[in-house]
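K.L.:
Sharing upload27.cif, mmCIF, C-alpha atoms:
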```cif
data_entry
#
loop_
_atom_site.label_atom_id
_atom_site.label_comp_id
_atom_site.auth_asym_id
_atom_site.auth_seq_id
_atom_site.Cartn_x
_atom_site.Cartn_y
_atom_site.Cartn_z
CA MET A 1 54.33 14.62 -19.50
CA GLY A 2 52.85 16.14 -16.36
CA THR A 3 49.53 17.81 -15.59
CA ALA A 4 50.59 21.37 -15.02
CA GLY A 5 47.86 22.49 -17.42
CA THR A 6 45.15 20.47 -15.71
CA SER A 7 42.55 22.83 -14.31
CA ALA A 8 40.48 22.36 -11.20
CA ASP A 9 37.39 22.19 -13.44
CA GLU A 10 38.88 19.30 -15.42
CA VAL A 11 39.64 17.37 -12.25
CA ALA A 12 36.16 18.10 -10.87
CA GLY A 13 34.71 16.97 -14.20
CA GLU A 14 35.78 13.40 -13.42
CA ARG A 15 33.15 13.23 -10.67
CA ARG A 16 30.37 11.97 -12.93
CA GLN A 17 32.43 8.98 -14.07
CA LEU A 18 33.59 8.24 -10.54
CA ILE A 19 30.06 8.30 -9.12
CA ASN A 20 28.88 5.91 -11.84
CA VAL A 21 31.75 3.51 -11.14
CA ALA A 22 31.28 3.67 -7.37
CA TYR A 23 27.52 3.10 -7.44
CA ARG A 24 27.87 0.00 -9.61
CA LEU A 25 30.54 -1.30 -7.27
CA LEU A 26 28.71 -0.51 -4.03
CA GLY A 27 24.98 -0.28 -4.83
CA SER A 28 24.68 2.59 -2.35
CA LEU A 29 24.43 6.27 -3.26
CA ALA A 30 25.66 7.45 0.13
CA GLU A 31 28.64 5.10 0.15
CA SER A 32 29.42 6.01 -3.47
CA GLU A 33 29.43 9.70 -2.63
CA ASP A 34 31.66 9.05 0.38
CA ALA A 35 34.11 7.02 -1.72
CA VAL A 36 34.38 9.69 -4.39
CA GLN A 37 34.76 12.45 -1.81
CA GLU A 38 37.55 10.49 -0.16
CA ALA A 39 39.29 10.03 -3.52
CA TYR A 40 39.17 13.78 -4.14
CA ALA A 41 40.42 14.45 -0.62
CA ARG A 42 43.45 12.25 -1.29
CA TRP A 43 44.04 14.02 -4.62
CA TYR A 44 44.09 17.47 -3.06
CA ALA A 45 46.19 16.20 -0.16
CA LEU A 46 49.01 15.48 -2.62
CA PRO A 47 51.71 18.12 -2.94
CA ARG A 48 51.24 20.20 -6.06
CA SER A 49 54.49 18.86 -7.46
CA ARG A 50 53.19 15.29 -7.14
CA ARG A 51 49.90 16.20 -8.83
CA ASP A 52 51.80 17.78 -11.70
CA GLU A 53 53.64 14.49 -12.24
CA ILE A 54 50.42 12.51 -12.73
CA VAL A 55 49.73 12.11 -16.44
CA SER A 56 46.03 11.29 -16.11
CA PRO A 57 44.22 12.63 -13.04
CA GLY A 58 41.08 10.76 -14.15
CA ALA A 59 42.91 7.43 -14.15
CA TRP A 60 44.47 8.23 -10.78
CA LEU A 61 41.11 9.16 -9.26
CA THR A 62 39.49 6.02 -10.71
CA THR A 63 42.23 3.83 -9.26
CA VAL A 64 41.89 5.41 -5.83
CA THR A 65 38.08 5.26 -5.94
CA GLY A 66 38.28 1.60 -6.95
CA ARG A 67 40.55 0.79 -4.03
CA ILE A 68 38.29 2.61 -1.60
CA CYS A 69 35.27 0.74 -2.95
CA LEU A 70 37.16 -2.55 -2.65
CA ASP A 71 37.77 -1.81 1.04
CA VAL A 72 34.10 -0.88 1.52
CA LEU A 73 32.97 -4.09 -0.19
CA GLY A 74 35.27 -6.11 2.03
CA SER A 75 33.67 -4.72 5.18
CA ALA A 76 30.12 -4.56 3.81
CA ARG A 77 29.40 -8.25 4.33
CA ALA A 78 30.25 -8.03 8.01
CA ARG A 79 28.09 -4.91 8.40
CA ARG A 80 25.17 -6.51 6.60
CA GLU A 81 25.19 -9.43 9.00
CA HIS A 82 23.77 -6.93 11.50
CA TYR A 83 21.37 -5.35 9.00
CA VAL A 84 17.74 -5.94 9.91
CA GLY A 85 16.17 -8.05 7.16
CA ALA A 86 17.32 -8.20 3.56
CA TRP A 87 19.70 -5.58 2.12
CA LEU A 88 18.93 -4.22 -1.36
CA PRO A 89 20.77 -1.65 -3.48
CA ASP A 90 19.50 1.92 -3.43
CA PRO A 91 16.72 2.49 -6.00
CA LEU A 92 17.47 5.27 -8.49
CA PRO A 93 14.82 7.69 -9.77
CA THR A 94 14.92 9.49 -13.10
CA ARG A 95 16.01 13.11 -13.38
CA ALA A 96 12.38 14.25 -13.37
CA GLU A 97 11.88 12.57 -9.99
CA TRP A 98 14.94 13.73 -8.10
CA ASP A 99 16.04 16.95 -9.78
CA HIS A 100 14.68 19.45 -7.27
CA GLY A 101 17.46 21.98 -7.60
CA HIS A 102 20.00 19.93 -5.64
CA GLY A 103 22.54 19.56 -8.40
CA THR A 104 25.20 18.12 -6.11
CA ASP A 105 23.20 15.00 -5.31
CA PRO A 106 25.10 11.87 -6.43
CA ALA A 107 22.02 10.74 -8.39
CA ASP A 108 22.45 13.90 -10.46
CA GLN A 109 25.53 12.28 -12.00
CA MET A 110 24.03 8.86 -12.66
CA VAL A 111 23.77 7.25 -16.09
CA LEU A 112 20.81 4.87 -16.12
CA ASP A 113 21.38 1.80 -18.27
CA GLU A 114 21.15 -1.98 -18.03
CA SER A 115 24.12 -2.05 -15.64
CA VAL A 116 22.09 -0.36 -12.90
CA THR A 117 18.86 -2.37 -13.09
CA MET A 118 17.96 -3.93 -9.76
CA ALA A 119 18.23 -7.41 -11.26
CA PHE A 120 21.80 -6.71 -12.42
CA LEU A 121 22.86 -5.10 -9.14
CA VAL A 122 21.49 -8.04 -7.15
CA VAL A 123 23.65 -10.41 -9.25
CA LEU A 124 26.66 -8.18 -8.55
CA GLU A 125 25.95 -8.62 -4.83
CA SER A 126 26.58 -12.36 -5.21
CA MET A 127 30.15 -11.77 -6.39
CA THR A 128 33.29 -11.51 -4.30
CA PRO A 129 34.61 -7.95 -3.97
CA ALA A 130 37.49 -8.69 -6.35
CA GLU A 131 35.18 -10.28 -8.92
CA ARG A 132 32.84 -7.32 -8.77
CA VAL A 133 35.61 -4.77 -9.26
CA ALA A 134 37.17 -6.71 -12.15
CA PHE A 135 33.85 -7.34 -13.88
CA VAL A 136 32.37 -3.86 -13.48
CA LEU A 137 35.50 -2.00 -14.52
CA HIS A 138 36.23 -4.27 -17.49
CA ASP A 139 32.84 -5.34 -18.82
CA VAL A 140 30.86 -2.20 -17.99
CA PHE A 141 33.45 0.58 -18.19
CA ARG A 142 35.97 -1.07 -20.55
CA TYR A 143 39.05 -0.56 -18.41
CA ARG A 144 42.04 -2.70 -19.34
CA PHE A 145 43.02 -5.56 -17.08
CA ALA A 146 46.42 -3.92 -16.60
CA GLU A 147 44.66 -0.89 -15.09
CA ILE A 148 42.39 -3.09 -12.96
CA GLY A 149 45.43 -4.98 -11.71
CA GLY A 150 46.69 -1.74 -10.20
CA ILE A 151 43.49 -1.50 -8.14
CA LEU A 152 43.30 -5.13 -7.06
CA ASP A 153 47.07 -5.55 -6.69
CA ARG A 154 46.93 -8.60 -8.95
CA THR A 155 48.31 -9.52 -12.33
CA PRO A 156 46.29 -8.72 -15.47
CA ALA A 157 45.87 -12.48 -16.02
CA ALA A 158 44.43 -12.91 -12.53
CA CYS A 159 42.04 -9.99 -13.10
CA LYS A 160 40.94 -11.58 -16.37
CA GLN A 161 40.10 -14.78 -14.51
CA LEU A 162 38.13 -12.84 -11.90
CA ALA A 163 36.09 -11.12 -14.60
CA ALA A 164 35.45 -14.44 -16.34
CA SER A 165 34.21 -15.98 -13.08
CA ALA A 166 31.90 -13.01 -12.52
CA ARG A 167 30.68 -13.21 -16.11
CA ARG A 168 29.62 -16.82 -15.55
CA ARG A 169 27.49 -15.69 -12.62
CA VAL A 170 25.78 -13.12 -14.83
CA ARG A 171 25.22 -15.62 -17.62
CA GLY A 172 23.71 -18.02 -15.13
CA GLU A 173 20.86 -15.58 -14.67
CA ARG A 174 18.01 -15.46 -17.16
CA GLU A 175 18.02 -12.47 -19.49
CA PRO A 176 15.42 -10.07 -18.04
CA VAL A 177 12.55 -8.61 -20.06
CA THR A 178 12.84 -4.86 -20.51
CA GLY A 179 10.94 -2.10 -22.27
CA ALA A 180 7.31 -2.53 -23.29
CA GLY A 181 7.05 -6.13 -22.04
CA GLN A 182 8.07 -5.20 -18.52
CA ALA A 183 6.01 -2.00 -18.57
CA ASP A 184 2.87 -3.96 -19.51
CA ALA A 185 3.42 -6.50 -16.74
CA VAL A 186 4.06 -3.78 -14.13
CA ARG A 187 0.94 -1.88 -15.23
CA GLN A 188 -1.20 -5.00 -14.88
CA VAL A 189 0.23 -5.69 -11.42
CA LYS A 190 -0.62 -2.12 -10.42
CA GLU A 191 -4.21 -2.45 -11.63
CA ALA A 192 -4.72 -5.83 -9.93
CA TRP A 193 -3.18 -4.52 -6.68
CA GLU A 194 -5.40 -1.44 -6.68
CA THR A 195 -8.53 -3.54 -7.13
CA LYS A 196 -7.27 -6.12 -4.59
CA ASN A 197 -7.80 -8.83 -7.18
CA ILE A 198 -5.91 -11.84 -5.80
CA ALA A 199 -6.82 -14.07 -8.75
CA ALA A 200 -5.48 -11.55 -11.24
CA LEU A 201 -2.29 -11.10 -9.23
CA VAL A 202 -1.74 -14.87 -9.09
CA ASP A 203 -2.07 -15.01 -12.88
CA LEU A 204 0.48 -12.20 -13.27
CA LEU A 205 3.01 -13.73 -10.89
CA ASP A 206 5.17 -16.71 -11.73
CA PRO A 207 4.33 -19.64 -9.39
CA ALA A 208 7.95 -19.57 -8.21
CA ALA A 209 8.12 -15.78 -7.89
CA VAL A 210 10.07 -14.26 -4.99
CA MET A 211 9.52 -10.90 -3.31
CA THR A 212 12.35 -9.39 -1.24
CA ALA A 213 11.81 -6.30 0.92
CA ASP A 214 14.32 -3.92 2.51
CA GLY A 215 13.10 -1.85 5.45
CA GLY A 216 16.42 -1.65 7.26
CA GLY A 217 14.65 -2.12 10.58
CA MET A 218 13.31 1.43 10.27
CA VAL A 219 9.85 0.61 8.93
CA GLY A 220 7.65 -2.45 9.03
CA THR A 221 8.14 -5.05 6.31
CA VAL A 222 8.78 -8.77 5.89
CA LEU A 223 12.26 -9.72 7.07
CA ARG A 224 12.58 -12.74 4.81
CA PRO A 225 11.73 -13.19 1.12
CA VAL A 226 8.14 -14.16 0.35
CA GLU A 227 8.18 -17.12 -2.02
CA GLY A 228 5.45 -18.27 -4.39
CA GLY A 229 3.07 -16.25 -6.55
CA ALA A 230 0.01 -17.10 -4.47
CA ARG A 231 1.65 -16.05 -1.18
CA ILE A 232 2.94 -12.81 -2.71
CA ALA A 233 -0.53 -11.99 -4.07
CA GLN A 234 -2.11 -12.54 -0.66
CA TYR A 235 0.57 -10.41 1.00
CA MET A 236 0.06 -7.56 -1.49
CA VAL A 237 -3.68 -7.50 -0.92
CA ALA A 238 -3.21 -7.62 2.86
CA ILE A 239 -0.91 -4.61 2.61
CA ALA A 240 -3.52 -2.76 0.54
CA ASP A 241 -6.10 -3.44 3.24
CA MET A 242 -3.79 -2.09 5.95
CA ALA A 243 -2.66 1.00 4.04
CA PRO A 244 -5.67 3.14 3.14
CA GLY A 245 -4.82 6.21 1.12
CA LEU A 246 -1.76 4.64 -0.45
CA GLU A 247 -1.34 5.71 -4.08
CA LEU A 248 0.50 3.57 -6.64
CA VAL A 249 2.19 5.29 -9.58
CA GLU A 250 4.23 3.90 -12.44
CA ARG A 251 7.78 5.22 -12.41
CA SER A 252 11.15 4.35 -13.85
CA VAL A 253 13.27 2.64 -11.18
CA ASN A 254 16.95 2.19 -12.01
CA GLY A 255 16.08 2.83 -15.63
CA ALA A 256 13.35 0.16 -15.84
CA PRO A 257 9.56 0.22 -15.33
CA GLY A 258 8.63 0.03 -11.66
CA LEU A 259 6.10 1.21 -9.09
CA VAL A 260 6.20 3.85 -6.39
CA ALA A 261 3.78 3.90 -3.46
CA ARG A 262 3.00 7.35 -2.05
CA ARG A 263 0.94 8.60 0.84
CA ALA A 264 0.06 12.31 1.05
CA GLY A 265 2.70 12.92 -1.62
CA ALA A 266 5.52 11.25 0.31
CA VAL A 267 7.23 8.22 -1.22
CA MET A 268 6.86 5.25 1.11
CA THR A 269 7.96 2.37 -1.11
CA VAL A 270 9.81 1.82 -4.39
CA ALA A 271 9.38 -1.51 -6.18
CA SER A 272 11.44 -3.06 -8.99
CA PHE A 273 10.41 -6.05 -11.09
CA ASP A 274 11.88 -8.85 -13.16
CA VAL A 275 9.65 -10.38 -15.83
CA ALA A 276 9.86 -13.60 -17.85
CA ASP A 277 7.35 -15.00 -20.32
CA GLY A 278 4.83 -12.33 -19.40
CA ARG A 279 4.93 -13.08 -15.68
CA VAL A 280 6.68 -11.36 -12.80
CA THR A 281 9.42 -13.56 -11.38
CA ARG A 282 11.07 -11.20 -8.88
CA ILE A 283 9.93 -8.16 -6.93
CA TRP A 284 12.38 -6.01 -4.97
CA VAL A 285 10.73 -3.65 -2.50
CA VAL A 286 12.73 -0.85 -0.87
CA ARG A 287 11.11 0.84 2.14
CA ASN A 288 14.17 1.97 4.10
CA PRO A 289 13.64 5.76 4.33
CA GLU A 290 17.38 6.43 4.09
CA LYS A 291 17.42 4.78 0.67
CA LEU A 292 14.42 6.78 -0.54
CA ARG A 293 15.92 10.24 0.02
CA PRO A 294 16.53 10.91 -3.70
CA TRP A 295 12.78 10.39 -4.24
CA ALA A 296 11.72 13.01 -1.71
CA PRO A 297 9.75 15.94 -3.16
#
```
What is this structure when it is put down as structure tokens?

P.N.:
Amino acid sequence: MGTAGTSADEVAGERRQLINVAYRLLGSLAESEDAVQEAYARWYALPRSRRDEIVSPGAWLTTVTGRICLDVLGSARARREHYVGAWLPDPLPTRAEWDHGHGTDPADQMVLDESVTMAFLVVLESMTPAERVAFVLHDVFRYRFAEIGGILDRTPAACKQLAASARRRVRGEREPVTGAGQADAVRQVKEAWETKNIAALVDLLDPAAVMTADGGGMVGTVLRPVEGGARIAQYMVAIADMAPGLELVERSVNGAPGLVARRAGAVMTVASFDVADGRVTRIWVVRNPEKLRPWAP
């Protein structure tokens, strides 16, 4: 059976799924958009007769997008060796934050769930490209290993092993606190930061907490992770002293409670948190302006 009855709208309708797959594979909105655009370019470059032979355009586009993402992941590590400071995935706002009439933005297509939390995406960054593709497509999107094998050019059994290896990495991480527990912790951090209360911040931060910041060399920030609750608290208060007029607001970041720092209405920083036993264990701070474009008013 061919696809002679497949309309352009039906093919275009696959974009939402493709963007969601690509972002979870790459952690970058811009790179995800580029990957999906390239997949569509290859689709429309096919002769019409070839397109009509393809039973499932969605499956074809997913396979091509997956292969493009695999290539991007393979080169990303080399590129990030030259990245200034730590590299973090792009933070995602909610629809209320980014929907300013630009319906073609890749974030417009994003489904926010536990598979896009910053904590989850950071774990994905620790995987090999093949592990990440196998795990994301199978465990998150429920693709069969036979389909994944077509992307990775490996047997279904080999893809199953890759996903199992990736799954062990995920299980090695503590289950993060979400919902009200995280929201309460983030709210208390905000209040202590605003009052420059170092003692309160130290109580809210795990003694072994780690803060990682991504400025991309475009804005000032720490280039290496800050380790230890006391050091993080001192750093946060020092930043407050150096940034008069900075406003902190509670916002959903990648579908979880987070904080956004604004000055004169412009978003300067987006922070994500991981919480355990009522204390913040990880803070991810994104300041790279290129990664904050979806947050622009």

K.L.:
Just the number, please: distance in Å from CA of Pro294 (chain A) to CA of Leu248 (chain A), one decimal.

P.N.:
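Those two atoms sit 17.9 Å apart.
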
K.L.:
Nearest to Phe135 (chain A): which of A:Leu70, A:Val11, A:Ile198, A:Leu162 is it, counting only C-alpha atoms?

P.N.:
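For Phe135 (chain A), the nearest of the given residues is A:Leu162.
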
K.L.:
Which residues are near region 143-152 of chain A? Cut-off 9 Å, all atoms listed in the file, ignore same chain within fewer than 6 positions. Put them as number ranges by chain.

P.N.:
A: 59, 62-67, 70, 130, 133-134, 136-137, 158-160

K.L.:
Hey, can you check how far CA of Asp203 (chain A) sits from CA of Val189 (chain A)?

P.N.:
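Going from CA of Asp203 (chain A) over to CA of Val189 (chain A) covers 9.7 Å.
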
K.L.:
Can you tell me how far CA of Leu246 (chain A) sits from CA of Ala192 (chain A), in Å to one decimal?

P.N.:
14.4 Å

K.L.:
Determine the residue set returned by the PyMOL selection byres ((chain A and resi 236) around 12) for the present structure, and present it as a PyMOL selection string.

P.N.:
chain A and resi 189-190+192-202+205+211+221-222+226+229-235+237-243+283+285

K.L.:
Name the residues that the PyMOL selection byres ((chain A and resi 120) around 12) pulls out of this structure, and write them as a PyMOL selection string.

P.N.:
chain A and resi 24-25+27+88-89+113-119+121-127+132+136+140+166-167+169-176+254-256+272-274

K.L.:
Using only C-alpha atoms for the distances, tell me which of A:Trp284, A:Trp295, A:Tyr40, A:Phe141 is nearest to Ile68 (chain A).

P.N.:
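Closest to Ile68 (chain A) of all the choices is A:Tyr40.
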
K.L.:
Carefully work through the PyMOL selection byres ((chain A and resi 224) around 7) for this structure and note down the residues it includes, as a PyMOL selection string.

P.N.:
chain A and resi 85-86+212+222-223+225-226

K.L.:
Export, as a PDB file, keeping the file's coordinate frame, the selected residues with C-alpha atoms.

P.N.:
```pdb
ATOM      1  CA  GLY A  85      16.170  -8.050   7.160  1.00  0.00           C
ATOM      2  CA  ALA A  86      17.320  -8.200   3.560  1.00  0.00           C
ATOM      3  CA  THR A 212      12.350  -9.390  -1.240  1.00  0.00           C
ATOM      4  CA  VAL A 222       8.780  -8.770   5.890  1.00  0.00           C
ATOM      5  CA  LEU A 223      12.260  -9.720   7.070  1.00  0.00           C
ATOM      6  CA  PRO A 225      11.730 -13.190   1.120  1.00  0.00           C
ATOM      7  CA  VAL A 226       8.140 -14.160   0.350  1.00  0.00           C
TER       8      VAL A 226
END
```

K.L.:
Using all atoms listed in the file, what residues lie at most 12 Å away from (3.9, -1.9, -18.7) (file coordinates), given as a PyMOL selection string?

P.N.:
chain A and resi 177-191+249-252+256-259+273-275+278-280

K.L.:
Find the residue from A:Cys69, A:Ala261, A:Ala12, A:Ile54 that sits nearest to Ala41 (chain A); use only C-alpha atoms when measuring.

P.N.:
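For Ala41 (chain A), the nearest of the given residues is A:Ala12.
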
K.L.:
Please output region 132-152 of chain A, rebuilt to include N, CA, C and O atoms, as a short mmCIF file (atom, residue, chain, number, x, y, z; two decimals), in the coordinates of the input.

P.N.:
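Contents of rebuild.cif, as written:
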```cif
data_model
loop_
_atom_site.label_atom_id
_atom_site.label_comp_id
_atom_site.auth_asym_id
_atom_site.auth_seq_id
_atom_site.Cartn_x
_atom_site.Cartn_y
_atom_site.Cartn_z
N ARG A 132 33.71 -8.45 -8.43
CA ARG A 132 32.84 -7.32 -8.77
C ARG A 132 33.64 -6.17 -9.36
O ARG A 132 33.23 -5.58 -10.37
N VAL A 133 34.77 -5.85 -8.76
CA VAL A 133 35.61 -4.77 -9.26
C VAL A 133 36.12 -5.11 -10.66
O VAL A 133 36.05 -4.28 -11.57
N ALA A 134 36.63 -6.32 -10.84
CA ALA A 134 37.17 -6.71 -12.15
C ALA A 134 36.09 -6.70 -13.22
O ALA A 134 36.29 -6.19 -14.33
N PHE A 135 34.93 -7.24 -12.90
CA PHE A 135 33.85 -7.34 -13.88
C PHE A 135 33.29 -5.97 -14.23
O PHE A 135 33.13 -5.63 -15.41
N VAL A 136 32.98 -5.16 -13.22
CA VAL A 136 32.37 -3.86 -13.48
C VAL A 136 33.32 -2.96 -14.26
O VAL A 136 32.94 -2.33 -15.26
N LEU A 137 34.57 -2.90 -13.84
CA LEU A 137 35.50 -2.00 -14.52
C LEU A 137 35.81 -2.47 -15.93
O LEU A 137 35.93 -1.65 -16.85
N HIS A 138 35.91 -3.79 -16.14
CA HIS A 138 36.23 -4.27 -17.49
C HIS A 138 35.02 -4.37 -18.39
O HIS A 138 34.98 -3.81 -19.48
N ASP A 139 33.98 -5.07 -17.94
CA ASP A 139 32.84 -5.34 -18.82
C ASP A 139 31.88 -4.16 -18.96
O ASP A 139 31.24 -4.02 -19.99
N VAL A 140 31.78 -3.34 -17.93
CA VAL A 140 30.86 -2.20 -17.99
C VAL A 140 31.57 -0.93 -18.45
O VAL A 140 31.08 -0.22 -19.32
N PHE A 141 32.75 -0.67 -17.88
CA PHE A 141 33.45 0.58 -18.19
C PHE A 141 34.64 0.43 -19.12
O PHE A 141 35.31 1.40 -19.44
N ARG A 142 34.95 -0.80 -19.54
CA ARG A 142 35.97 -1.07 -20.55
C ARG A 142 37.38 -0.67 -20.12
O ARG A 142 38.19 -0.26 -20.96
N TYR A 143 37.68 -0.77 -18.85
CA TYR A 143 39.05 -0.56 -18.41
C TYR A 143 39.88 -1.79 -18.76
O TYR A 143 39.37 -2.92 -18.78
N ARG A 144 41.16 -1.58 -19.02
CA ARG A 144 42.04 -2.70 -19.34
C ARG A 144 42.39 -3.45 -18.08
O ARG A 144 42.43 -2.88 -16.98
N PHE A 145 42.69 -4.74 -18.25
CA PHE A 145 43.02 -5.56 -17.08
C PHE A 145 44.31 -5.08 -16.42
O PHE A 145 44.49 -5.25 -15.21
N ALA A 146 45.21 -4.46 -17.19
CA ALA A 146 46.42 -3.92 -16.60
C ALA A 146 46.08 -2.80 -15.62
O ALA A 146 46.70 -2.68 -14.55
N GLU A 147 45.09 -1.97 -15.97
CA GLU A 147 44.66 -0.89 -15.09
C GLU A 147 43.95 -1.46 -13.86
O GLU A 147 44.14 -0.97 -12.73
N ILE A 148 43.12 -2.47 -14.07
CA ILE A 148 42.39 -3.09 -12.96
C ILE A 148 43.35 -3.77 -11.99
O ILE A 148 43.14 -3.77 -10.78
N GLY A 149 44.43 -4.34 -12.56
CA GLY A 149 45.43 -4.98 -11.71
C GLY A 149 46.05 -4.02 -10.71
O GLY A 149 46.39 -4.41 -9.60
N GLY A 150 46.16 -2.73 -11.11
CA GLY A 150 46.69 -1.74 -10.20
C GLY A 150 45.77 -1.46 -9.02
O GLY A 150 46.22 -1.06 -7.95
N ILE A 151 44.47 -1.69 -9.21
CA ILE A 151 43.49 -1.50 -8.14
C ILE A 151 43.45 -2.72 -7.22
O ILE A 151 43.43 -2.59 -6.00
N LEU A 152 43.44 -3.89 -7.83
CA LEU A 152 43.30 -5.13 -7.06
C LEU A 152 44.64 -5.68 -6.57
O LEU A 152 44.66 -6.65 -5.80
#
```
